[in-house]
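A.B. asks: This is entry_13.pdb (PDB, C-alpha atoms, pLDDT in the B column).
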```
ATOM      1  CA  MET F   1     -20.560-109.054 155.645  1.00 35.00           C
ATOM      2  CA  GLN F   2     -19.267-105.729 154.407  1.00 43.00           C
ATOM      3  CA  ILE F   3     -20.566-102.571 156.036  1.00 51.00           C
ATOM      4  CA  GLU F   4     -20.174 -99.239 154.282  1.00 62.00           C
ATOM      5  CA  VAL F   5     -21.163 -95.650 154.840  1.00 72.00           C
ATOM      6  CA  ARG F   6     -22.650 -93.919 151.796  1.00 76.00           C
ATOM      7  CA  VAL F   7     -22.183 -90.173 151.388  1.00 80.00           C
ATOM      8  CA  HIS F   8     -24.162 -88.266 148.754  1.00 82.00           C
ATOM      9  CA  THR F   9     -23.952 -84.549 148.248  1.00 83.00           C
ATOM     10  CA  ALA F  10     -26.622 -82.337 146.778  1.00 83.00           C
ATOM     11  CA  ALA F  11     -26.742 -78.691 145.783  1.00 86.00           C
ATOM     12  CA  ARG F  12     -29.623 -76.432 144.890  1.00 87.00           C
ATOM     13  CA  GLN F  13     -30.476 -73.044 143.573  1.00 86.00           C
ATOM     14  CA  GLU F  14     -34.028 -73.743 142.417  1.00 85.00           C
ATOM     15  CA  ARG F  15     -34.196 -77.515 142.995  1.00 86.00           C
ATOM     16  CA  TRP F  16     -31.921 -80.106 144.565  1.00 87.00           C
ATOM     17  CA  ARG F  17     -29.461 -81.840 142.237  1.00 85.00           C
ATOM     18  CA  HIS F  18     -27.260 -84.787 143.101  1.00 81.00           C
ATOM     19  CA  SER F  19     -23.592 -83.884 142.754  1.00 82.00           C
ATOM     20  CA  LEU F  20     -21.356 -86.740 143.958  1.00 84.00           C
ATOM     21  CA  ARG F  21     -21.203 -89.942 146.008  1.00 84.00           C
ATOM     22  CA  VAL F  22     -18.548 -91.534 148.187  1.00 84.00           C
ATOM     23  CA  HIS F  23     -18.441 -94.983 149.825  1.00 80.00           C
ATOM     24  CA  LEU F  24     -16.457 -95.420 153.057  1.00 80.00           C
ATOM     25  CA  PRO F  25     -15.887 -98.498 155.215  1.00 74.00           C
ATOM     26  CA  GLU F  26     -17.942 -98.584 158.436  1.00 63.00           C
ATOM     27  CA  ARG F  27     -14.835 -98.423 160.603  1.00 71.00           C
ATOM     28  CA  ALA F  28     -14.286 -94.936 159.225  1.00 75.00           C
ATOM     29  CA  ALA F  29     -14.626 -92.132 161.774  1.00 79.00           C
ATOM     30  CA  LEU F  30     -17.669 -90.794 159.907  1.00 79.00           C
ATOM     31  CA  GLY F  31     -19.401 -94.164 160.232  1.00 76.00           C
ATOM     32  CA  GLN F  32     -18.709 -94.224 163.957  1.00 77.00           C
ATOM     33  CA  ALA F  33     -20.327 -90.785 164.288  1.00 76.00           C
ATOM     34  CA  LEU F  34     -23.592 -91.903 162.631  1.00 70.00           C
ATOM     35  CA  GLY F  35     -26.224 -92.275 165.332  1.00 69.00           C
ATOM     36  CA  GLY F  36     -23.977 -90.592 167.881  1.00 78.00           C
ATOM     37  CA  ARG F  37     -22.744 -87.116 166.974  1.00 80.00           C
ATOM     38  CA  ILE F  38     -24.847 -87.254 163.832  1.00 83.00           C
ATOM     39  CA  PRO F  39     -28.521 -87.788 164.735  1.00 83.00           C
ATOM     40  CA  ILE F  40     -30.570 -90.112 162.528  1.00 84.00           C
ATOM     41  CA  ARG F  41     -33.115 -87.794 160.884  1.00 85.00           C
ATOM     42  CA  GLY F  42     -34.391 -89.830 157.948  1.00 84.00           C
ATOM     43  CA  PHE F  43     -34.511 -88.605 154.363  1.00 83.00           C
ATOM     44  CA  PRO F  44     -34.315 -84.866 153.729  1.00 86.00           C
ATOM     45  CA  ASP F  45     -37.115 -83.062 151.903  1.00 85.00           C
ATOM     46  CA  GLY F  46     -36.566 -83.014 148.149  1.00 84.00           C
ATOM     47  CA  ILE F  47     -34.099 -85.919 148.105  1.00 82.00           C
ATOM     48  CA  THR F  48     -33.058 -86.567 144.514  1.00 81.00           C
ATOM     49  CA  ASP F  49     -34.044 -89.683 142.571  1.00 78.00           C
ATOM     50  CA  SER F  50     -30.335 -90.312 142.022  1.00 79.00           C
ATOM     51  CA  SER F  51     -29.778 -90.650 145.764  1.00 80.00           C
ATOM     52  CA  LEU F  52     -32.903 -92.737 146.287  1.00 79.00           C
ATOM     53  CA  ASP F  53     -32.198 -94.987 143.313  1.00 77.00           C
ATOM     54  CA  GLU F  54     -28.819 -96.193 144.552  1.00 75.00           C
ATOM     55  CA  GLY F  55     -29.361 -99.790 145.475  1.00 73.00           C
ATOM     56  CA  ALA F  56     -33.112 -99.605 144.872  1.00 87.00           C
ATOM     57  CA  VAL F  57     -34.981-102.901 144.669  1.00 93.00           C
ATOM     58  CA  LEU F  58     -37.370-103.477 141.766  1.00 94.00           C
ATOM     59  CA  ILE F  59     -40.816-104.731 142.762  1.00 96.00           C
ATOM     60  CA  HIS F  60     -41.570-107.334 140.109  1.00 96.00           C
ATOM     61  CA  ASP F  61     -43.080-110.718 140.965  1.00 97.00           C
ATOM     62  CA  GLU F  62     -42.027-112.441 137.738  1.00 96.00           C
ATOM     63  CA  ALA F  63     -38.441-111.139 137.826  1.00 96.00           C
ATOM     64  CA  HIS F  64     -38.142-112.215 141.460  1.00 96.00           C
ATOM     65  CA  ALA F  65     -39.429-115.695 140.579  1.00 96.00           C
ATOM     66  CA  LEU F  66     -36.584-115.878 138.026  1.00 96.00           C
ATOM     67  CA  ASP F  67     -34.055-114.880 140.750  1.00 95.00           C
ATOM     68  CA  VAL F  68     -33.217-111.547 139.120  1.00 94.00           C
ATOM     69  CA  TYR F  69     -30.842-109.665 141.432  1.00 91.00           C
ATOM     70  CA  ASP F  70     -32.319-106.848 143.580  1.00 90.00           C
ATOM     71  CA  THR F  71     -35.964-107.695 142.914  1.00 94.00           C
ATOM     72  CA  CYS F  72     -38.759-108.587 145.293  1.00 96.00           C
ATOM     73  CA  THR F  73     -42.441-109.425 145.174  1.00 97.00           C
ATOM     74  CA  GLU F  74     -45.176-106.856 145.751  1.00 97.00           C
ATOM     75  CA  ARG F  75     -46.216-108.754 148.905  1.00 97.00           C
ATOM     76  CA  HIS F  76     -42.677-108.673 150.342  1.00 97.00           C
ATOM     77  CA  ALA F  77     -42.338-104.964 149.508  1.00 96.00           C
ATOM     78  CA  LYS F  78     -45.604-104.226 151.340  1.00 96.00           C
ATOM     79  CA  ASP F  79     -44.465-106.249 154.357  1.00 96.00           C
ATOM     80  CA  LEU F  80     -41.137-104.376 154.497  1.00 93.00           C
ATOM     81  CA  GLU F  81     -42.959-101.036 154.160  1.00 91.00           C
ATOM     82  CA  ALA F  82     -45.356-101.966 156.983  1.00 94.00           C
ATOM     83  CA  GLU F  83     -42.352-102.824 159.202  1.00 91.00           C
ATOM     84  CA  GLY F  84     -40.768 -99.449 158.377  1.00 85.00           C
ATOM     85  CA  VAL F  85     -37.690-101.119 156.890  1.00 84.00           C
ATOM     86  CA  VAL F  86     -37.993 -99.576 153.417  1.00 87.00           C
ATOM     87  CA  ARG F  87     -39.507 -96.605 151.655  1.00 85.00           C
ATOM     88  CA  ARG F  88     -41.350 -96.858 148.340  1.00 89.00           C
ATOM     89  CA  ILE F  89     -39.692 -94.993 145.501  1.00 85.00           C
ATOM     90  CA  ARG F  90     -42.171 -94.257 142.800  1.00 82.00           C
ATOM     91  CA  GLU F  91     -44.561 -97.134 142.101  1.00 89.00           C
ATOM     92  CA  GLU F  92     -42.149 -99.915 141.168  1.00 93.00           C
ATOM     93  CA  TYR F  93     -39.159 -99.577 143.541  1.00 92.00           C
ATOM     94  CA  ILE F  94     -38.318 -99.625 147.246  1.00 92.00           C
ATOM     95  CA  THR F  95     -35.159 -98.547 149.033  1.00 87.00           C
ATOM     96  CA  HIS F  96     -32.838-101.462 149.689  1.00 87.00           C
ATOM     97  CA  PRO F  97     -33.687-103.233 152.968  1.00 86.00           C
ATOM     98  CA  ASP F  98     -29.976-103.436 153.853  1.00 83.00           C
ATOM     99  CA  TYR F  99     -29.633 -99.625 153.813  1.00 81.00           C
ATOM    100  CA  HIS F 100     -30.409 -97.881 157.089  1.00 78.00           C
ATOM    101  CA  SER F 101     -29.621 -94.931 159.385  1.00 80.00           C
ATOM    102  CA  PHE F 102     -30.575 -92.325 156.789  1.00 82.00           C
ATOM    103  CA  THR F 103     -29.741 -88.781 157.829  1.00 86.00           C
ATOM    104  CA  TRP F 104     -28.464 -85.521 156.415  1.00 89.00           C
ATOM    105  CA  LEU F 105     -26.460 -82.438 157.330  1.00 90.00           C
ATOM    106  CA  SER F 106     -26.158 -79.004 155.784  1.00 91.00           C
ATOM    107  CA  GLY F 107     -22.874 -78.428 153.978  1.00 90.00           C
ATOM    108  CA  GLY F 108     -21.732 -76.104 156.774  1.00 90.00           C
ATOM    109  CA  ASP F 109     -22.595 -78.612 159.516  1.00 91.00           C
ATOM    110  CA  PHE F 110     -20.781 -81.352 157.591  1.00 90.00           C
ATOM    111  CA  SER F 111     -17.626 -79.247 157.249  1.00 90.00           C
ATOM    112  CA  ALA F 112     -17.753 -78.354 160.969  1.00 90.00           C
ATOM    113  CA  LEU F 113     -18.152 -82.042 161.868  1.00 88.00           C
ATOM    114  CA  LEU F 114     -15.043 -82.951 159.884  1.00 88.00           C
ATOM    115  CA  GLY F 115     -13.021 -80.696 162.180  1.00 87.00           C
ATOM    116  CA  GLU F 116     -14.249 -82.709 165.184  1.00 87.00           C
ATOM    117  CA  LEU F 117     -13.539 -86.196 163.808  1.00 85.00           C
ATOM    118  CA  ASP F 118     -10.272 -88.109 164.055  1.00 83.00           C
ATOM    119  CA  LEU F 119      -9.674 -88.455 160.308  1.00 82.00           C
ATOM    120  CA  ALA F 120      -6.643 -90.002 158.660  1.00 83.00           C
ATOM    121  CA  GLY F 121      -5.465 -91.413 155.338  1.00 85.00           C
ATOM    122  CA  TYR F 122      -7.976 -92.175 152.613  1.00 85.00           C
ATOM    123  CA  GLU F 123     -10.965 -91.065 154.683  1.00 85.00           C
ATOM    124  CA  GLN F 124      -9.396 -87.691 155.445  1.00 87.00           C
ATOM    125  CA  VAL F 125      -8.487 -87.011 151.818  1.00 88.00           C
ATOM    126  CA  THR F 126     -11.874 -88.191 150.559  1.00 88.00           C
ATOM    127  CA  LEU F 127     -13.948 -86.175 153.017  1.00 88.00           C
ATOM    128  CA  ASN F 128     -11.798 -83.080 152.547  1.00 90.00           C
ATOM    129  CA  ALA F 129     -12.497 -83.399 148.806  1.00 90.00           C
ATOM    130  CA  VAL F 130     -16.243 -83.636 149.565  1.00 90.00           C
ATOM    131  CA  SER F 131     -15.980 -80.546 151.775  1.00 92.00           C
ATOM    132  CA  SER F 132     -14.090 -78.667 149.046  1.00 92.00           C
ATOM    133  CA  ALA F 133     -16.772 -79.552 146.500  1.00 91.00           C
ATOM    134  CA  LEU F 134     -19.474 -78.259 148.861  1.00 91.00           C
ATOM    135  CA  THR F 135     -17.531 -75.033 149.359  1.00 92.00           C
ATOM    136  CA  ALA F 136     -17.230 -74.543 145.581  1.00 92.00           C
ATOM    137  CA  PHE F 137     -21.002 -74.942 145.198  1.00 91.00           C
ATOM    138  CA  GLU F 138     -21.675 -72.559 148.087  1.00 92.00           C
ATOM    139  CA  GLN F 139     -19.313 -69.930 146.631  1.00 93.00           C
ATOM    140  CA  SER F 140     -21.354 -70.133 143.421  1.00 92.00           C
ATOM    141  CA  GLY F 141     -24.595 -69.421 145.272  1.00 92.00           C
ATOM    142  CA  TYR F 142     -25.839 -72.970 145.888  1.00 91.00           C
ATOM    143  CA  GLU F 143     -27.276 -74.325 149.118  1.00 91.00           C
ATOM    144  CA  THR F 144     -25.618 -77.671 149.952  1.00 91.00           C
ATOM    145  CA  ARG F 145     -26.262 -80.743 152.040  1.00 91.00           C
ATOM    146  CA  VAL F 146     -24.778 -84.177 152.631  1.00 90.00           C
ATOM    147  CA  ILE F 147     -26.985 -87.281 152.795  1.00 88.00           C
ATOM    148  CA  LEU F 148     -25.564 -90.218 154.757  1.00 85.00           C
ATOM    149  CA  TRP F 149     -26.564 -93.816 155.369  1.00 81.00           C
ATOM    150  CA  ARG F 150     -25.179 -97.215 156.221  1.00 75.00           C
ATOM    151  CA  LEU F 151     -25.272-100.351 154.122  1.00 69.00           C
ATOM    152  CA  TYR F 152     -25.004-103.873 155.539  1.00 63.00           C
TER     153      TYR F 152
END
```
Can you give me the file's structure in the form of structure tokens?
C.D. replies:
Amino acid sequence: MQIEVRVHTAARQERWRHSLRVHLPERAALGQALGGRIPIRGFPDGITDSSLDEGAVLIHDEAHALDVYDTCTERHAKDLEAEGVVRRIREEYITHPDYHSFTWLSGGDFSALLGELDLAGYEQVTLNAVSSALTAFEQSGYETRVILWRLY
């Protein structure tokens, strides 16, 4: 089973817009910080459809009966919602049940956290690029945030 950490960035002047996404292996220092140094806060207000749609599961009884990938029945979706495992996205989708530990940080808090983590190699270069992108948005007058979650 592969475990990944998903990182989405968003920027806003008038409304939040999705700007980029990064996938890191769970063993990454950022993944180890999730739930520890980084509290699990759930979805931020105004989360973009682009962030919510990644890995979304279509609620469609007939497609599920035909074994269409990433589909489920309405009954199963309601059961998962009742258990608090998923969140409904619009009428016909739910978040993927294998995605969890949703949280978010402001761009400034994310950049500060990077200075505290033991980063190396690909993870260091990748997260420094994310931080640089956030800085560029902020210098242009945007508010920024980073949305994080795990995928089993």
A.B. asks: Excluding range 107-115 of chain F and its own-chain neighbours fewer than 6 positions away, which residues fall within 12 Å of it when counting all atoms listed in the file? Please give them as an MDAnalysis selection string.
C.D. replies: chainID F and resid 7:12 29:30 33:34 36:38 123:139 142:148
A.B. asks: The PyMOL selection byres ((chain F and resi 47) around 9) - which residues does that actually catch in the file I just gave you? List them as a list in words.
C.D. replies: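 Checked against the file, the PyMOL selection byres ((chain F and resi 47) around 9) matches Ala10, Trp16, Arg17, His18, Phe43, Pro44, Asp45, Gly46, Thr48, Asp49, Ser50, Ser51, Leu52 and Ile147 of chain F.
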A.B. asks: Let me see the file: selected residues, C-alpha atoms, as a CSV table (one decimal), in the coordinates of the input.
C.D. replies:
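That gives us again.csv:
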```
chain,number,residue,atom,x,y,z
F,10,ALA,CA,-26.6,-82.3,146.8
F,16,TRP,CA,-31.9,-80.1,144.6
F,17,ARG,CA,-29.5,-81.8,142.2
F,18,HIS,CA,-27.3,-84.8,143.1
F,43,PHE,CA,-34.5,-88.6,154.4
F,44,PRO,CA,-34.3,-84.9,153.7
F,45,ASP,CA,-37.1,-83.1,151.9
F,46,GLY,CA,-36.6,-83.0,148.1
F,48,THR,CA,-33.1,-86.6,144.5
F,49,ASP,CA,-34.0,-89.7,142.6
F,50,SER,CA,-30.3,-90.3,142.0
F,51,SER,CA,-29.8,-90.6,145.8
F,52,LEU,CA,-32.9,-92.7,146.3
F,147,ILE,CA,-27.0,-87.3,152.8
```
A.B. asks: Quick one: residues within 9 Å of range 56-72 of chain F, only C-alpha atoms, excluding same-chain residues fewer than 6 positions away - as a PDB file with C-alpha atoms, in the coordinates of the input?
C.D. replies:
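Result saved to selection28.pdb:
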```pdb
ATOM      1  CA  ILE F  89     -39.692 -94.993 145.501  1.00 85.00           C
ATOM      2  CA  GLU F  91     -44.561 -97.134 142.101  1.00 89.00           C
ATOM      3  CA  GLU F  92     -42.149 -99.915 141.168  1.00 93.00           C
ATOM      4  CA  TYR F  93     -39.159 -99.577 143.541  1.00 92.00           C
ATOM      5  CA  ILE F  94     -38.318 -99.625 147.246  1.00 92.00           C
ATOM      6  CA  THR F  95     -35.159 -98.547 149.033  1.00 87.00           C
ATOM      7  CA  HIS F  96     -32.838-101.462 149.689  1.00 87.00           C
ATOM      8  CA  PRO F  97     -33.687-103.233 152.968  1.00 86.00           C
TER       9      PRO F  97
END
```
A.B. asks: What's the 6 Å shell around Ser101 in chain F, counting all atoms listed in the file, without same-chain residues fewer than 4 positions away, as a list in words?
C.D. replies: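 Everything that qualifies: Ile40, Trp149 and Arg150 of chain F.
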A.B. asks: Work out how far apart CA of Arg27 in chain F and CA of Leu105 in chain F are and give it in Å to one decimal.
C.D. replies: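 Here the two named atoms are 20.0 Å from each other.
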A.B. asks: How many Å lie between CA of Ala77 in chain F and CA of Thr103 in chain F, rounded to one decimal?
C.D. replies: 22.1 Å
A.B. asks: Tell me, in Å to one decimal, how far CA of Arg15 in chain F is from CA of Arg88 in chain F.
C.D. replies: 21.3 Å
A.B. asks: Box along x, y and z, 4 Å on every side, all listed atoms of range 68-85 of chain F inside: centre and edge lengths in Å to one decimal, as JSON.
C.D. replies:
```
{"center_x": -38.5, "center_y": -105.5, "center_z": 149.2, "size_x": 23.4, "size_y": 20.1, "size_z": 28.1}
```
A.B. asks: Would you mind telling me which residue in F:Asp98, F:Asp79, F:Glu14, F:Glu74 lies nearest to Glu54 in chain F when using all atoms listed in the file?
C.D. replies: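 Of the candidates, the smallest distance to Glu54 in chain F is held by F:Asp98.
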